[in-house]
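**Q** Data file protein_22.cif (mmCIF, C-alpha atoms) is appended below.
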```
data_protein
#
loop_
_atom_site.label_atom_id
_atom_site.label_comp_id
_atom_site.auth_asym_id
_atom_site.auth_seq_id
_atom_site.Cartn_x
_atom_site.Cartn_y
_atom_site.Cartn_z
CA MET A 1053 -16.05 1.36 55.01
CA LYS A 1054 -19.65 1.62 53.77
CA ASP A 1055 -20.89 3.00 57.11
CA LYS A 1056 -18.10 5.59 56.98
CA CYS A 1057 -19.22 6.66 53.49
CA VAL A 1058 -22.86 6.92 54.60
CA GLU A 1059 -21.79 9.10 57.52
CA GLU A 1060 -19.72 11.31 55.16
CA LEU A 1061 -22.76 11.82 52.93
CA LEU A 1062 -24.98 12.60 55.93
CA GLN A 1063 -22.35 15.01 57.27
CA ARG A 1064 -22.45 16.81 53.90
CA VAL A 1065 -26.26 16.91 54.05
CA ARG A 1066 -26.10 18.50 57.52
CA LYS A 1067 -23.58 21.12 56.25
CA ILE A 1068 -25.78 21.98 53.25
CA HIS A 1069 -28.79 22.20 55.58
CA SER A 1070 -26.97 24.64 57.88
CA ASP A 1071 -25.59 26.69 54.97
CA CYS A 1072 -28.93 27.03 53.22
CA TYR A 1073 -30.80 28.05 56.34
CA GLN A 1074 -28.18 30.76 56.86
CA LEU A 1075 -28.85 31.96 53.32
CA ILE A 1076 -32.61 32.01 53.84
CA SER A 1077 -32.32 33.74 57.21
CA ARG A 1078 -29.88 36.39 55.94
CA THR A 1079 -31.94 37.05 52.82
CA LEU A 1080 -35.50 36.89 54.14
CA GLY A 1081 -35.08 37.39 57.86
CA LYS A 1082 -37.20 34.31 58.53
CA ASP A 1083 -37.19 30.57 57.93
CA LEU A 1084 -38.99 28.84 55.09
CA PRO A 1085 -40.11 25.24 54.85
CA VAL A 1086 -38.04 22.89 52.71
CA ALA A 1087 -39.57 21.13 49.72
CA GLY A 1088 -37.86 17.92 50.84
CA ASN A 1089 -35.25 17.94 48.04
CA ILE A 1090 -31.53 18.09 48.77
CA GLY A 1091 -28.73 18.05 46.23
CA VAL A 1092 -25.17 17.06 47.02
CA PHE A 1093 -22.62 18.43 44.55
CA CYS A 1094 -19.53 16.25 44.39
CA GLN A 1095 -16.16 17.94 44.32
CA SER A 1096 -14.22 15.11 42.65
CA GLU A 1097 -14.82 11.98 40.60
CA GLU A 1098 -13.79 9.86 43.60
CA GLU A 1099 -16.33 11.58 45.83
CA TYR A 1100 -19.01 11.16 43.16
CA GLU A 1101 -18.36 7.42 42.85
CA LYS A 1102 -18.44 7.03 46.63
CA PHE A 1103 -21.63 9.07 47.15
CA GLU A 1104 -23.36 7.47 44.15
CA GLU A 1105 -22.73 4.04 45.65
CA VAL A 1106 -24.16 5.21 48.98
CA ARG A 1107 -27.14 6.84 47.21
CA LYS A 1108 -28.03 3.58 45.48
CA GLY A 1109 -28.46 1.91 48.84
CA LEU A 1110 -30.59 4.74 50.24
CA ILE A 1111 -33.13 5.24 47.45
CA LYS A 1112 -36.23 3.46 46.20
CA PRO A 1113 -35.96 1.92 42.74
CA SER A 1114 -37.17 4.14 39.89
CA GLY A 1115 -38.12 3.27 36.32
CA ASN A 1116 -37.28 6.81 35.21
CA SER A 1117 -33.63 6.89 34.17
CA LYS A 1118 -33.79 10.68 33.64
CA ARG A 1119 -34.88 11.31 37.21
CA LYS A 1120 -32.87 13.98 39.00
CA TYR A 1121 -33.99 13.51 42.59
CA PHE A 1122 -34.56 10.00 43.88
CA LYS A 1123 -37.00 9.17 46.67
CA LEU A 1124 -35.22 7.95 49.78
CA LYS A 1125 -36.27 4.67 51.39
CA GLU A 1126 -36.15 6.48 54.73
CA PRO A 1127 -36.23 10.27 54.95
CA VAL A 1128 -33.21 12.10 56.30
CA VAL A 1129 -34.34 14.05 59.35
CA ILE A 1130 -32.23 16.94 60.56
CA GLU A 1131 -33.27 17.92 64.07
CA ALA A 1132 -33.54 21.58 65.05
CA GLY A 1133 -30.31 23.21 66.07
CA SER A 1134 -29.51 26.50 67.73
CA ASP A 1135 -29.78 28.33 64.40
CA THR A 1136 -31.71 25.92 62.19
CA PRO A 1137 -35.19 24.43 62.31
CA LYS A 1138 -35.97 20.75 61.91
CA ALA A 1139 -36.23 19.59 58.30
CA ILE A 1140 -37.13 16.36 56.56
CA TYR A 1141 -35.55 15.45 53.24
CA ARG A 1142 -37.30 12.79 51.18
CA TYR A 1143 -35.47 13.21 47.86
CA LEU A 1144 -31.75 13.10 47.14
CA TYR A 1145 -29.69 14.19 44.16
CA VAL A 1146 -25.98 13.39 43.88
CA ARG A 1147 -24.43 15.59 41.21
CA LYS A 1148 -21.30 14.88 39.22
CA PRO A 1149 -18.42 17.29 39.67
CA GLU A 1150 -18.29 20.12 37.19
CA THR A 1151 -15.85 22.90 36.42
CA THR A 1152 -18.37 25.74 36.28
CA PRO A 1153 -18.56 28.18 39.21
CA PHE A 1154 -21.82 26.46 40.18
CA GLY A 1155 -19.89 23.21 40.65
CA SER A 1156 -17.89 24.71 43.50
CA TYR A 1157 -20.94 24.67 45.80
CA LEU A 1158 -21.33 21.75 48.22
CA GLY A 1159 -25.01 21.37 47.40
CA ASP A 1160 -28.46 22.91 47.37
CA ILE A 1161 -31.85 22.84 49.03
CA ASP A 1162 -35.22 23.82 47.59
CA PHE A 1163 -37.38 26.01 49.84
CA VAL A 1164 -41.03 26.83 49.23
CA MET A 1165 -43.32 29.83 49.51
CA GLU A 1166 -47.03 30.19 48.94
CA PRO A 1167 -47.72 31.37 45.35
CA GLY A 1168 -48.75 34.93 46.31
CA GLU A 1169 -45.78 35.42 48.64
CA TYR A 1170 -43.45 33.93 46.02
CA LYS A 1171 -44.70 36.34 43.34
CA ILE A 1172 -43.96 39.34 45.60
CA PHE A 1173 -40.49 37.94 46.44
CA ARG A 1174 -39.75 37.11 42.79
CA ASP A 1175 -40.79 40.61 41.67
CA SER A 1176 -38.44 42.11 44.29
CA VAL A 1177 -35.61 39.92 42.97
CA VAL A 1178 -36.30 40.95 39.37
CA ALA A 1179 -36.28 44.60 40.48
CA GLY A 1180 -32.83 44.08 42.04
CA LYS A 1181 -34.04 44.77 45.58
CA VAL A 1182 -32.80 41.56 47.23
CA ARG A 1183 -29.03 41.15 47.70
CA GLY A 1184 -27.52 37.80 46.71
CA THR A 1185 -30.49 36.69 44.63
CA LYS A 1186 -31.28 36.20 40.99
CA LEU A 1187 -33.70 34.24 38.87
CA PHE A 1188 -32.21 30.86 38.12
CA ASP A 1189 -31.07 31.02 34.51
CA ARG A 1190 -32.64 27.96 32.93
CA PRO A 1191 -35.44 28.01 30.35
CA GLY A 1192 -38.79 26.91 31.75
CA TRP A 1193 -37.73 27.27 35.38
CA ASP A 1194 -39.32 29.67 37.82
CA THR A 1195 -37.11 29.71 40.86
CA VAL A 1196 -34.96 32.21 42.73
CA GLN A 1197 -31.33 31.35 43.47
CA ILE A 1198 -29.74 32.66 46.67
CA THR A 1199 -25.98 32.72 47.18
CA ASP A 1200 -23.47 34.43 49.41
CA PRO A 1201 -19.69 34.35 48.91
CA GLU A 1202 -19.26 33.40 52.59
CA ILE A 1203 -21.51 30.33 52.29
CA SER A 1204 -20.57 27.16 50.42
CA SER A 1205 -24.05 26.02 49.37
CA VAL A 1206 -26.87 27.49 47.28
CA ALA A 1207 -30.56 27.83 48.16
CA PHE A 1208 -33.49 27.92 45.77
CA VAL A 1209 -36.92 29.33 46.48
CA SER A 1210 -40.04 28.57 44.46
CA THR A 1211 -43.58 27.41 44.96
CA LYS A 1212 -44.27 23.93 46.29
CA GLU A 1213 -45.74 22.91 42.92
CA PHE A 1214 -42.56 23.89 41.07
CA ALA A 1215 -40.25 22.30 43.65
CA GLU A 1216 -42.10 18.99 43.19
CA LYS A 1217 -41.80 19.22 39.37
CA VAL A 1218 -38.03 19.67 39.58
CA ARG A 1219 -37.66 16.23 41.14
CA VAL A 1220 -38.24 14.48 37.82
CA ARG A 1221 -36.34 16.77 35.48
CA SER A 1222 -32.98 15.58 34.25
CA ASN A 1223 -31.66 19.03 33.32
#
```
Kindly transcribe the structure held in the file into structure tokens.

**A**
Amino acid sequence: MKDKCVEELLQRVRKIHSDCYQLISRTLGKDLPVAGNIGVFCQSEEEYEKFEEVRKGLIKPSGNSKRKYFKLKEPVVIEAGSDTPKAIYRYLYVRKPETTPFGSYLGDIDFVMEPGEYKIFRDSVVAGKVRGTKLFDRPGWDTVQITDPEISSVAFVSTKEFAEKVRVRSN
């Protein structure tokens, strides 16, 4: 049963990976590197309990109880596919189900840009020039959210520095 649950979690990770690369490709017309963070948003309490149990076996112990992303013992490597590049995920977040519209997504991935390129992209988003994007609405955060009604996951773009900071935030 445990192996089946691990495979279900990994199948979800692969789906989120595919979804988010579609979002990036449609929005930017090119691929971006991942920060190494992947979030899995549970759709029910049962799924959350199952994926949390799996997560506990996959992560390194942490003394920070408010940690959001946990470092994996072994990274999850998704090999290149016909429409997606290879990516390595080193941090995992399993999110409780929620009733907000955001909770309907299957998960998210953080992508990174160089600071100068990010500033230009962010300014275009603020000016309303990039379809399906908006600044993520959370105080103190500087990241762009990308969604598409045809895609079941959400992508975030920021600088590498910010994407690494988000790993330790609890909210």

**Q** With the file shown as input, list the residues that the PyMOL selection byres ((chain A and resi 1076) around 12) selects, as a PyMOL selection string.

**A** chain A and resi 1069-1075+1077-1086+1135-1137+1160-1165+1182-1185+1196-1200+1203+1205-1209

**Q** Selected by the PyMOL selection byres ((chain A and resi 1057) around 10) in the shown coordinates: which residues, as a VMD selection string?

**A** chain A and resid 1053 to 1056 1058 to 1063 1099 1102 to 1103 1105 to 1106

**Q** For the structure shown, which residues end up in the PyMOL selection byres ((chain A and resi 1092) around 9)? Put them as JSON, numbers by chain, please?

**A** {"A": [1061, 1064, 1065, 1068, 1090, 1091, 1093, 1094, 1103, 1144, 1145, 1146, 1147, 1148, 1157, 1158, 1159, 1160]}

**Q** Have a look at A:Glu1202, A:Pro1127, A:Gln1095, A:Trp1193 and name the one nearest to A:Glu1150; count all atoms listed in the file.

**A**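 That would be A:Gln1095, the residue with the smallest distance to A:Glu1150.
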
**Q** Report, in Å with one decimal, the straight-line distance from atom CA of A:Tyr1141 to atom CA of A:Val1177.

**A**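 Spanning atom CA of A:Tyr1141 to atom CA of A:Val1177 is a straight-line distance of 26.5 Å.
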
**Q** Would you work out the distance separating atom CA of A:Ser1210 from atom CA of A:Thr1195, expressed in Å to one decimal?

**A**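 Computing it gives 4.8 Å between the two atoms.
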
**Q** Any idea what the distance is between atom CA of A:Gly1109 and atom CA of A:Lys1125?

**A**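 Going from atom CA of A:Gly1109 over to atom CA of A:Lys1125 covers 8.7 Å.
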
**Q** Kindly indicate which residue among A:Asn1089, A:Lys1212, A:Ser1176, A:Arg1190 lies nearest to A:Ala1139, using all atoms listed in the file for the distances.

**A**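 Under the stated criterion, the closest residue is A:Asn1089.
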
**Q** Just checking: using only C-alpha atoms, which residue out of A:Gly1088, A:Pro1113, A:Gly1168, A:Gly1180 ends up closest to A:Lys1138?

**A**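 Closest candidate: A:Gly1088.
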
**Q** Could you work out an axis-aligned box for stretch 1144-1151 of chain A, taking every atom the file lists and adding 8 Å on each side, and report centre and edge lengths in Å to one decimal, as AutoDock Vina command-line options?

**A**
```
--center_x -23.8 --center_y 18.0 --center_z 41.8 --size_x 31.9 --size_y 25.8 --size_z 26.7
```

**Q** Which is closer to A:Ala1215 than all the others in A:Asp1194, A:Val1178, A:Ala1087, A:Lys1108, using all atoms listed in the file?

**A**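 The answer is A:Ala1087, which sits nearest to A:Ala1215.
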
**Q** Between A:Ala1132, A:Tyr1143, A:Glu1101, A:Thr1151, which residue has the minimum interatomic distance to A:Lys1120, considering only C-alpha atoms?

**A**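 Ranking A:Ala1132, A:Tyr1143, A:Glu1101, A:Thr1151 by distance to A:Lys1120, first place goes to A:Tyr1143.
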